[in-house]
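For reference, the structure discussed in these notes is given below.
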Amino acid sequence: MATTDPLDLLPDGVVLAGADRRVSAVSAVAARMLGRDAASLVGLELAEVLGLRDADGHDWYACCRPYDGLGSRTGVPERSVLLPDGEEVLLTARLHRAVRGAPVEEVAVVLRSGRGRARLDRDRSDLVATVAHELRSPLTGVKGFVQALLNRWDKLGDEQKKLMLHTVSSDADRLSRLITELLDVARIDTGRLQLHARPCQAEVLVTRVVESVRAGTATPVELHVGDDLPAVLADPDKLTQVVTNLVENAVRHGAGTVRVSLTAAADDGPGVVLVVDDEGDGIPPALRPQVFTKFWKGGARGGSGLGLYIVHGLTRAHGGSVTIGDAPGGGARLVVRWPAYDEDAAG
């Protein structure tokens, strides 16, 4: 039975070189990145094997000089370079010495694909673009109406002033919601989401959300609440946020009547099931895995693209689940299963 080189078990590429500056080992991943056979690279000068250049044409080995410099050096910071095929990789190195100040005895270089960093960069760019776009509209409204009130206060009637102030208040609420969403996204991504869970009556929170949404839209929103609902374990603010995002999403991107139902769970353990149906075009099965990712937008009606990502993150943080299906009217159906409060476990 063939023995697997331990270096080949690592997810990143590894190149090792000895005190003579010649390569002593190359992992299969590194060889694949370099487009060479691993055996053919062993014995070559490290400068030849890793003579990769960055986007500005600078040679990695010549710039980093892993065998030279101060005797206190223990590593080479990560740098971006390009492979012969143009793909970006990130190189970092560890310098091993017998004692501090002694010559370098071995250099261990790690090659990591730059796709992960590129994806993070795209996420950051998307976030900046989303924030800029979503903030610009309400800020422009607030600025415009406040400036008009300041300049024409004595010429405006009471009803005009009241309308302007209501608009400013509404735009301020939009800004506040967006900031809350962005903070929640950051906390979900970093695992620092704080929950203040306690027994809650889901029907009270859901009814309150539906009544609030009804007051701000011409879209019919129907609510059905089942009997004998158990108390749920939830942070009431987060549960309210989940329900609000789902109902507002159905109103914004769906069509026809939005139907909201809250019933006791019949399977998967005690809890409640929240179902939000609309009569729009629905969400094709092929797109459903993308719905709960950041910045996904299913239509041309705006939105930050963060609402359903937050719904998914908050629901899972409470031990629940959210799924997508087809509504009877042909639109989208989003189903949230939320666990019940277990008094025995809490006690």
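Identifiers for the structure tokens are assigned positionally: chains receive A, B, ... in sequence, residues are indexed from 1 per chain, and ligands are indexed from 1 in the order shown.
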
Residue set, range 29-210 of chain A restricted to alpha helix (DSSP H), as an MDAnalysis selection string | chainID A and resid 29:34 38:41 46:49 60:64 115:152 158:190 202:210

What's the 12 Å shell around Phe292 in chain A, counting only C-alpha atoms, without same-chain residues fewer than 6 positions away, as a PDB file with C-alpha atoms, in the first residue's frame?
```pdb
ATOM      1  CA  VAL A 185     -24.940  40.892   9.255  1.00  0.00           C
ATOM      2  CA  LEU A 246     -40.528  37.990   5.677  1.00  0.00           C
ATOM      3  CA  GLY A 298     -35.020  38.416  -6.700  1.00  0.00           C
ATOM      4  CA  GLY A 305     -30.483  42.104  -0.401  1.00  0.00           C
ATOM      5  CA  LEU A 306     -29.767  41.408   3.265  1.00  0.00           C
ATOM      6  CA  GLY A 307     -33.244  40.705   4.633  1.00  0.00           C
ATOM      7  CA  LEU A 308     -33.486  36.966   3.964  1.00  0.00           C
ATOM      8  CA  TYR A 309     -29.835  36.428   4.900  1.00  0.00           C
ATOM      9  CA  ILE A 310     -30.655  37.926   8.295  1.00  0.00           C
ATOM     10  CA  VAL A 311     -33.849  35.850   8.553  1.00  0.00           C
ATOM     11  CA  HIS A 312     -31.820  32.691   7.991  1.00  0.00           C
ATOM     12  CA  GLY A 313     -29.086  33.688  10.438  1.00  0.00           C
ATOM     13  CA  LEU A 314     -31.434  34.763  13.248  1.00  0.00           C
ATOM     14  CA  THR A 315     -33.678  31.714  12.851  1.00  0.00           C
ATOM     15  CA  ARG A 316     -30.766  29.274  12.953  1.00  0.00           C
ATOM     16  CA  SER A 321     -35.140  26.536  10.351  1.00  0.00           C
ATOM     17  CA  VAL A 322     -36.411  28.391   7.302  1.00  0.00           C
ATOM     18  CA  THR A 323     -37.285  26.811   3.945  1.00  0.00           C
ATOM     19  CA  ILE A 324     -38.705  27.897   0.598  1.00  0.00           C
ATOM     20  CA  LEU A 334     -41.407  30.801   3.110  1.00  0.00           C
TER      21      LEU A 334
END
```

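One finds CA of Val23 in chain A at 13.1 Å from CA of Tyr67 in chain A.
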
For Asp342 in chain A, list every protein, DNA or RNA residue within 12 Å, evaluated using only C-alpha atoms, and leave out those in the same chain fewer than 3 positions away; present the list as a PyMOL selection string.
-> chain A and resi 198-200+230-234+269-271+339+345-347

Just N, CA, C and O atoms for this one: save the residues we selected as an mmCIF file, in the first residue's frame.
```
data_model
loop_
_atom_site.group_PDB
_atom_site.id
_atom_site.type_symbol
_atom_site.label_atom_id
_atom_site.label_comp_id
_atom_site.auth_asym_id
_atom_site.auth_seq_id
_atom_site.Cartn_x
_atom_site.Cartn_y
_atom_site.Cartn_z
ATOM 1 N N ARG A 198 -36.093 34.521 25.838
ATOM 2 C CA ARG A 198 -36.991 34.274 26.957
ATOM 3 C C ARG A 198 -38.319 33.754 26.392
ATOM 4 O O ARG A 198 -38.563 33.838 25.184
ATOM 5 N N PRO A 199 -39.202 33.215 27.236
ATOM 6 C CA PRO A 199 -40.493 32.725 26.725
ATOM 7 C C PRO A 199 -41.297 33.871 26.103
ATOM 8 O O PRO A 199 -41.420 34.947 26.684
ATOM 9 N N CYS A 200 -41.820 33.646 24.896
ATOM 10 C CA CYS A 200 -42.584 34.675 24.181
ATOM 11 C C CYS A 200 -43.837 34.055 23.579
ATOM 12 O O CYS A 200 -43.857 32.862 23.243
ATOM 13 N N PRO A 230 -47.922 26.944 21.512
ATOM 14 C CA PRO A 230 -47.006 26.935 22.660
ATOM 15 C C PRO A 230 -46.191 28.215 22.707
ATOM 16 O O PRO A 230 -46.021 28.903 21.696
ATOM 17 N N ALA A 231 -45.690 28.536 23.878
ATOM 18 C CA ALA A 231 -44.753 29.650 23.992
ATOM 19 C C ALA A 231 -43.452 29.256 23.292
ATOM 20 O O ALA A 231 -43.069 28.087 23.268
ATOM 21 N N VAL A 232 -42.791 30.222 22.693
ATOM 22 C CA VAL A 232 -41.521 29.949 22.018
ATOM 23 C C VAL A 232 -40.391 30.587 22.808
ATOM 24 O O VAL A 232 -40.597 31.537 23.578
ATOM 25 N N LEU A 233 -39.198 30.043 22.616
ATOM 26 C CA LEU A 233 -38.012 30.621 23.236
ATOM 27 C C LEU A 233 -37.360 31.533 22.212
ATOM 28 O O LEU A 233 -36.874 31.079 21.173
ATOM 29 N N ALA A 234 -37.377 32.821 22.468
ATOM 30 C CA ALA A 234 -36.876 33.763 21.459
ATOM 31 C C ALA A 234 -36.481 35.075 22.094
ATOM 32 O O ALA A 234 -36.976 35.461 23.152
ATOM 33 N N GLY A 269 -40.809 18.138 16.492
ATOM 34 C CA GLY A 269 -40.778 18.590 17.872
ATOM 35 C C GLY A 269 -41.709 19.758 18.119
ATOM 36 O O GLY A 269 -42.243 20.366 17.191
ATOM 37 N N PRO A 270 -41.921 20.093 19.397
ATOM 38 C CA PRO A 270 -42.833 21.189 19.739
ATOM 39 C C PRO A 270 -42.314 22.538 19.256
ATOM 40 O O PRO A 270 -41.116 22.796 19.267
ATOM 41 N N GLY A 271 -43.241 23.375 18.846
ATOM 42 C CA GLY A 271 -42.870 24.692 18.365
ATOM 43 C C GLY A 271 -43.997 25.294 17.562
ATOM 44 O O GLY A 271 -45.144 24.837 17.619
ATOM 45 N N PRO A 339 -38.613 26.698 17.533
ATOM 46 C CA PRO A 339 -38.794 25.764 18.655
ATOM 47 C C PRO A 339 -39.577 26.380 19.813
ATOM 48 O O PRO A 339 -39.527 27.590 20.048
ATOM 49 N N ALA A 345 -36.370 22.084 30.537
ATOM 50 C CA ALA A 345 -34.960 22.300 30.216
ATOM 51 C C ALA A 345 -34.472 23.609 30.822
ATOM 52 O O ALA A 345 -33.336 23.724 31.290
ATOM 53 N N ALA A 346 -35.349 24.618 30.810
ATOM 54 C CA ALA A 346 -34.955 25.920 31.360
ATOM 55 C C ALA A 346 -34.805 25.848 32.874
ATOM 56 O O ALA A 346 -33.990 26.540 33.465
ATOM 57 N N GLY A 347 -35.606 25.019 33.485
ATOM 58 C CA GLY A 347 -35.536 24.918 34.933
ATOM 59 C C GLY A 347 -34.356 24.123 35.401
ATOM 60 O O GLY A 347 -33.928 24.222 36.545
#
```

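Shell of Ser113 in chain A at 7 Å, with only C-alpha atoms counted and residues fewer than 6 places along the chain excluded, is Glu88, Val89 and Leu90 of chain A.
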
Residues from the last selection, N, CA, C and O atoms, saved as a short mmCIF file (atom, residue, chain, number, x, y, z; two decimals), in the first residue's frame:
```
data_model
loop_
_atom_site.label_atom_id
_atom_site.label_comp_id
_atom_site.auth_asym_id
_atom_site.auth_seq_id
_atom_site.Cartn_x
_atom_site.Cartn_y
_atom_site.Cartn_z
N GLU A 88 -4.22 34.27 -9.26
CA GLU A 88 -3.61 34.87 -8.09
C GLU A 88 -3.44 33.84 -6.98
O GLU A 88 -4.35 33.05 -6.71
N VAL A 89 -2.27 33.83 -6.34
CA VAL A 89 -2.05 33.01 -5.15
C VAL A 89 -1.40 33.89 -4.09
O VAL A 89 -0.79 34.92 -4.39
N LEU A 90 -1.56 33.48 -2.86
CA LEU A 90 -1.00 34.21 -1.72
C LEU A 90 0.14 33.40 -1.14
O LEU A 90 -0.04 32.23 -0.77
#
```

In terms of the shortest atom-to-atom distance over only C-alpha atoms, which of A:Pro236, A:Gly69, A:Gly216, A:Gly329 is closest to Arg252 in chain A?
-> A:Gly216

Per DSSP on the backbone, filter range 174-249 of chain A down to the residues in strand (DSSP E or B) and report them as an NGL selection string.
-> :A and (198-200 or 221-225 or 232-234)

Expected file contents, prior selection, all heavy atoms, as a short mmCIF file (atom, residue, chain, number, x, y, z; two decimals), in the first residue's frame:
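And here's selection_10.cif as it stands now:
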```
data_model
loop_
_atom_site.label_atom_id
_atom_site.label_comp_id
_atom_site.auth_asym_id
_atom_site.auth_seq_id
_atom_site.Cartn_x
_atom_site.Cartn_y
_atom_site.Cartn_z
N ARG A 198 -36.09 34.52 25.84
CA ARG A 198 -36.99 34.27 26.96
C ARG A 198 -38.32 33.75 26.39
O ARG A 198 -38.56 33.84 25.18
CB ARG A 198 -37.20 35.55 27.76
CG ARG A 198 -37.73 36.75 26.98
CD ARG A 198 -37.83 37.95 27.91
NE ARG A 198 -38.36 39.13 27.27
CZ ARG A 198 -37.64 40.05 26.63
NH1 ARG A 198 -36.32 39.88 26.56
NH2 ARG A 198 -38.21 41.10 26.09
N PRO A 199 -39.20 33.22 27.24
CA PRO A 199 -40.49 32.72 26.73
C PRO A 199 -41.30 33.87 26.10
O PRO A 199 -41.42 34.95 26.68
CB PRO A 199 -41.18 32.18 27.97
CG PRO A 199 -40.09 31.95 28.96
CD PRO A 199 -39.05 32.96 28.69
N CYS A 200 -41.82 33.65 24.90
CA CYS A 200 -42.58 34.67 24.18
C CYS A 200 -43.84 34.06 23.58
O CYS A 200 -43.86 32.86 23.24
CB CYS A 200 -41.75 35.29 23.05
SG CYS A 200 -40.25 36.12 23.56
N VAL A 221 -52.98 42.02 3.29
CA VAL A 221 -52.20 41.09 4.11
C VAL A 221 -53.16 40.39 5.06
O VAL A 221 -53.76 41.02 5.94
CB VAL A 221 -51.10 41.82 4.90
CG1 VAL A 221 -50.28 40.81 5.70
CG2 VAL A 221 -50.19 42.61 3.97
N GLU A 222 -53.35 39.10 4.87
CA GLU A 222 -54.25 38.31 5.70
C GLU A 222 -53.45 37.55 6.77
O GLU A 222 -52.31 37.15 6.53
CB GLU A 222 -55.03 37.31 4.85
CG GLU A 222 -55.95 37.97 3.82
CD GLU A 222 -56.71 36.95 2.99
OE1 GLU A 222 -56.47 35.73 3.19
OE2 GLU A 222 -57.52 37.37 2.15
N LEU A 223 -54.06 37.36 7.91
CA LEU A 223 -53.40 36.66 9.02
C LEU A 223 -54.30 35.59 9.58
O LEU A 223 -55.49 35.84 9.86
CB LEU A 223 -53.03 37.65 10.13
CG LEU A 223 -52.46 37.04 11.42
CD1 LEU A 223 -51.15 36.32 11.14
CD2 LEU A 223 -52.28 38.11 12.48
N HIS A 224 -53.76 34.39 9.73
CA HIS A 224 -54.47 33.29 10.39
C HIS A 224 -53.60 32.79 11.53
O HIS A 224 -52.43 32.45 11.32
CB HIS A 224 -54.74 32.14 9.42
CG HIS A 224 -55.17 30.88 10.12
ND1 HIS A 224 -56.41 30.74 10.70
CD2 HIS A 224 -54.50 29.72 10.35
CE1 HIS A 224 -56.50 29.54 11.25
NE2 HIS A 224 -55.35 28.90 11.05
N VAL A 225 -54.17 32.75 12.71
CA VAL A 225 -53.46 32.27 13.90
C VAL A 225 -54.20 31.05 14.43
O VAL A 225 -55.40 31.11 14.70
CB VAL A 225 -53.37 33.36 14.98
CG1 VAL A 225 -52.69 32.80 16.23
CG2 VAL A 225 -52.61 34.57 14.46
N VAL A 232 -42.79 30.22 22.69
CA VAL A 232 -41.52 29.95 22.02
C VAL A 232 -40.39 30.59 22.81
O VAL A 232 -40.60 31.54 23.58
CB VAL A 232 -41.52 30.48 20.57
CG1 VAL A 232 -42.58 29.79 19.74
CG2 VAL A 232 -41.71 32.00 20.54
N LEU A 233 -39.20 30.04 22.62
CA LEU A 233 -38.01 30.62 23.24
C LEU A 233 -37.36 31.53 22.21
O LEU A 233 -36.87 31.08 21.17
CB LEU A 233 -37.04 29.52 23.66
CG LEU A 233 -35.76 29.99 24.35
CD1 LEU A 233 -36.10 30.68 25.67
CD2 LEU A 233 -34.81 28.83 24.60
N ALA A 234 -37.38 32.82 22.47
CA ALA A 234 -36.88 33.76 21.46
C ALA A 234 -36.48 35.07 22.09
O ALA A 234 -36.98 35.46 23.15
CB ALA A 234 -37.95 34.01 20.40
#
```

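If only C-alpha atoms are the atoms counted, then among A:Lys155, A:Ala102, A:Gly114, A:Gly43 the closest residue to Glu78 in chain A is A:Gly114.
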
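Excluding range 275-283 of chain A itself and any same-chain residue fewer than 2 positions from it, the protein and nucleic acid residues within 7 Å of it, counting only C-alpha atoms, are Leu246, Val247, Ala250, Gly254, Ala255, Gly256, Thr257, Val258, Arg259, Val260, Ser261, Leu262, Val273, Pro285, Leu287, Arg288, Asp326, Ala327, Gly329, Gly330, Gly331, Ala332, Arg333, Leu334, Val335 and Val336 of chain A.
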
Output the selection as a JSON list (two decimals), in the first residue's frame - N, CA, C and O atoms for each residue.
```json
[["chain", "number", "residue", "atom", "x", "y", "z"],
["A", 246, "LEU", "N", -39.80, 38.92, 6.53],
["A", 246, "LEU", "CA", -40.53, 37.99, 5.68],
["A", 246, "LEU", "C", -41.78, 38.62, 5.08],
["A", 246, "LEU", "O", -42.05, 38.49, 3.88],
["A", 247, "VAL", "N", -42.56, 39.31, 5.92],
["A", 247, "VAL", "CA", -43.81, 39.90, 5.43],
["A", 247, "VAL", "C", -43.52, 41.06, 4.48],
["A", 247, "VAL", "O", -44.14, 41.17, 3.42],
["A", 250, "ALA", "N", -42.45, 39.73, 1.13],
["A", 250, "ALA", "CA", -43.58, 39.23, 0.34],
["A", 250, "ALA", "C", -44.36, 40.38, -0.27],
["A", 250, "ALA", "O", -44.80, 40.32, -1.42],
["A", 254, "GLY", "N", -43.59, 40.14, -4.01],
["A", 254, "GLY", "CA", -44.67, 39.28, -4.45],
["A", 254, "GLY", "C", -45.74, 40.06, -5.18],
["A", 254, "GLY", "O", -45.52, 41.15, -5.71],
["A", 255, "ALA", "N", -46.93, 39.50, -5.24],
["A", 255, "ALA", "CA", -48.07, 40.15, -5.88],
["A", 255, "ALA", "C", -49.34, 39.59, -5.26],
["A", 255, "ALA", "O", -49.32, 38.56, -4.58],
["A", 256, "GLY", "N", -50.45, 40.29, -5.51],
["A", 256, "GLY", "CA", -51.72, 39.83, -4.97],
["A", 256, "GLY", "C", -51.76, 39.92, -3.46],
["A", 256, "GLY", "O", -51.15, 40.80, -2.84],
["A", 257, "THR", "N", -52.48, 38.99, -2.85],
["A", 257, "THR", "CA", -52.65, 38.97, -1.40],
["A", 257, "THR", "C", -51.50, 38.22, -0.73],
["A", 257, "THR", "O", -51.09, 37.16, -1.20],
["A", 258, "VAL", "N", -51.00, 38.79, 0.33],
["A", 258, "VAL", "CA", -49.99, 38.12, 1.16],
["A", 258, "VAL", "C", -50.72, 37.45, 2.32],
["A", 258, "VAL", "O", -51.49, 38.10, 3.02],
["A", 259, "ARG", "N", -50.48, 36.17, 2.48],
["A", 259, "ARG", "CA", -51.15, 35.40, 3.53],
["A", 259, "ARG", "C", -50.12, 34.91, 4.55],
["A", 259, "ARG", "O", -49.15, 34.26, 4.18],
["A", 260, "VAL", "N", -50.39, 35.22, 5.80],
["A", 260, "VAL", "CA", -49.50, 34.85, 6.90],
["A", 260, "VAL", "C", -50.27, 33.92, 7.83],
["A", 260, "VAL", "O", -51.40, 34.24, 8.24],
["A", 261, "SER", "N", -49.68, 32.79, 8.14],
["A", 261, "SER", "CA", -50.33, 31.87, 9.08],
["A", 261, "SER", "C", -49.33, 31.44, 10.15],
["A", 261, "SER", "O", -48.13, 31.28, 9.87],
["A", 262, "LEU", "N", -49.85, 31.27, 11.35],
["A", 262, "LEU", "CA", -49.04, 30.82, 12.48],
["A", 262, "LEU", "C", -49.78, 29.69, 13.17],
["A", 262, "LEU", "O", -50.90, 29.88, 13.67],
["A", 273, "VAL", "N", -45.06, 27.09, 13.58],
["A", 273, "VAL", "CA", -44.69, 27.18, 12.16],
["A", 273, "VAL", "C", -45.30, 28.45, 11.60],
["A", 273, "VAL", "O", -46.52, 28.65, 11.66],
["A", 285, "PRO", "N", -36.79, 26.57, -8.19],
["A", 285, "PRO", "CA", -35.96, 25.70, -7.34],
["A", 285, "PRO", "C", -34.47, 25.89, -7.53],
["A", 285, "PRO", "O", -33.70, 25.80, -6.57],
["A", 287, "LEU", "N", -32.86, 28.55, -7.98],
["A", 287, "LEU", "CA", -32.37, 29.76, -7.33],
["A", 287, "LEU", "C", -32.49, 29.71, -5.81],
["A", 287, "LEU", "O", -31.92, 30.56, -5.12],
["A", 288, "ARG", "N", -33.22, 28.76, -5.29],
["A", 288, "ARG", "CA", -33.51, 28.75, -3.86],
["A", 288, "ARG", "C", -32.28, 28.65, -2.97],
["A", 288, "ARG", "O", -32.25, 29.27, -1.90],
["A", 326, "ASP", "N", -43.46, 26.41, -2.75],
["A", 326, "ASP", "CA", -44.42, 27.03, -3.66],
["A", 326, "ASP", "C", -45.72, 27.29, -2.92],
["A", 326, "ASP", "O", -46.27, 26.39, -2.27],
["A", 327, "ALA", "N", -46.22, 28.51, -3.02],
["A", 327, "ALA", "CA", -47.50, 28.86, -2.43],
["A", 327, "ALA", "C", -48.64, 28.31, -3.29],
["A", 327, "ALA", "O", -48.48, 28.12, -4.50],
["A", 329, "GLY", "N", -51.13, 29.76, -4.44],
["A", 329, "GLY", "CA", -51.49, 30.71, -5.48],
["A", 329, "GLY", "C", -50.44, 30.88, -6.55],
["A", 329, "GLY", "O", -50.59, 31.73, -7.44],
["A", 330, "GLY", "N", -49.38, 30.09, -6.49],
["A", 330, "GLY", "CA", -48.34, 30.15, -7.50],
["A", 330, "GLY", "C", -47.14, 30.99, -7.12],
["A", 330, "GLY", "O", -46.16, 31.02, -7.87],
["A", 331, "GLY", "N", -47.19, 31.70, -6.02],
["A", 331, "GLY", "CA", -46.08, 32.53, -5.60],
["A", 331, "GLY", "C", -45.09, 31.77, -4.74],
["A", 331, "GLY", "O", -45.01, 30.54, -4.77],
["A", 332, "ALA", "N", -44.34, 32.53, -3.94],
["A", 332, "ALA", "CA", -43.34, 31.93, -3.06],
["A", 332, "ALA", "C", -43.95, 31.63, -1.69],
["A", 332, "ALA", "O", -44.82, 32.36, -1.22],
["A", 333, "ARG", "N", -43.49, 30.58, -1.08],
["A", 333, "ARG", "CA", -43.88, 30.24, 0.29],
["A", 333, "ARG", "C", -42.61, 30.11, 1.11],
["A", 333, "ARG", "O", -41.73, 29.31, 0.79],
["A", 334, "LEU", "N", -42.53, 30.91, 2.18],
["A", 334, "LEU", "CA", -41.41, 30.80, 3.11],
["A", 334, "LEU", "C", -41.94, 30.28, 4.43],
["A", 334, "LEU", "O", -42.93, 30.81, 4.97],
["A", 335, "VAL", "N", -41.29, 29.24, 4.92],
["A", 335, "VAL", "CA", -41.76, 28.54, 6.12],
["A", 335, "VAL", "C", -40.68, 28.60, 7.19],
["A", 335, "VAL", "O", -39.54, 28.17, 6.95],
["A", 336, "VAL", "N", -41.03, 29.14, 8.34],
["A", 336, "VAL", "CA", -40.12, 29.21, 9.48],
["A", 336, "VAL", "C", -40.65, 28.30, 10.57],
["A", 336, "VAL", "O", -41.81, 28.41, 10.99]]
```

Compile the contact shell of range 26-37 of chain A as a PyMOL selection string: residues with an atom at most 7 Å away, counting only C-alpha atoms, same-chain residues fewer than 5 positions apart removed.
-> chain A and resi 7-8+12-16+42+83+111

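Across the structure, CA of Arg21 in chain A and CA of Leu46 in chain A are spaced 5.8 Å apart.
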
Please identify all polymer residues within 7 Å of Leu95 in chain A, counting only C-alpha atoms, omitting same-chain residues fewer than 6 positions from it, and present them as a ChimeraX atom specification.
-> /A:74-75,104,106-108

Could those selected residues go to a file with N, CA, C and O atoms, as an mmCIF file, in the first residue's frame?
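Output file out-v1.cif follows:
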```cif
data_model
loop_
_atom_site.group_PDB
_atom_site.id
_atom_site.type_symbol
_atom_site.label_atom_id
_atom_site.label_comp_id
_atom_site.auth_asym_id
_atom_site.auth_seq_id
_atom_site.Cartn_x
_atom_site.Cartn_y
_atom_site.Cartn_z
ATOM 1 N N THR A 74 11.653 35.664 11.416
ATOM 2 C CA THR A 74 11.087 34.315 11.559
ATOM 3 C C THR A 74 10.083 33.992 10.461
ATOM 4 O O THR A 74 9.600 32.861 10.387
ATOM 5 N N GLY A 75 9.765 34.974 9.634
ATOM 6 C CA GLY A 75 8.782 34.706 8.593
ATOM 7 C C GLY A 75 8.741 35.801 7.558
ATOM 8 O O GLY A 75 9.385 36.852 7.685
ATOM 9 N N VAL A 104 19.473 30.780 8.334
ATOM 10 C CA VAL A 104 18.233 30.044 8.065
ATOM 11 C C VAL A 104 18.573 28.626 7.634
ATOM 12 O O VAL A 104 19.375 28.414 6.712
ATOM 13 N N GLU A 106 15.963 26.204 7.179
ATOM 14 C CA GLU A 106 14.895 25.684 6.330
ATOM 15 C C GLU A 106 13.848 26.777 6.130
ATOM 16 O O GLU A 106 13.558 27.548 7.040
ATOM 17 N N VAL A 107 13.314 26.815 4.925
ATOM 18 C CA VAL A 107 12.241 27.751 4.579
ATOM 19 C C VAL A 107 11.015 26.929 4.184
ATOM 20 O O VAL A 107 11.110 26.035 3.326
ATOM 21 N N ALA A 108 9.899 27.231 4.826
ATOM 22 C CA ALA A 108 8.628 26.573 4.500
ATOM 23 C C ALA A 108 7.700 27.625 3.898
ATOM 24 O O ALA A 108 7.326 28.587 4.570
#
```

One decimal, Å: what's the distance from CA of His166 in chain A over to CA of Ser137 in chain A, could you say?
-> 15.7 Å
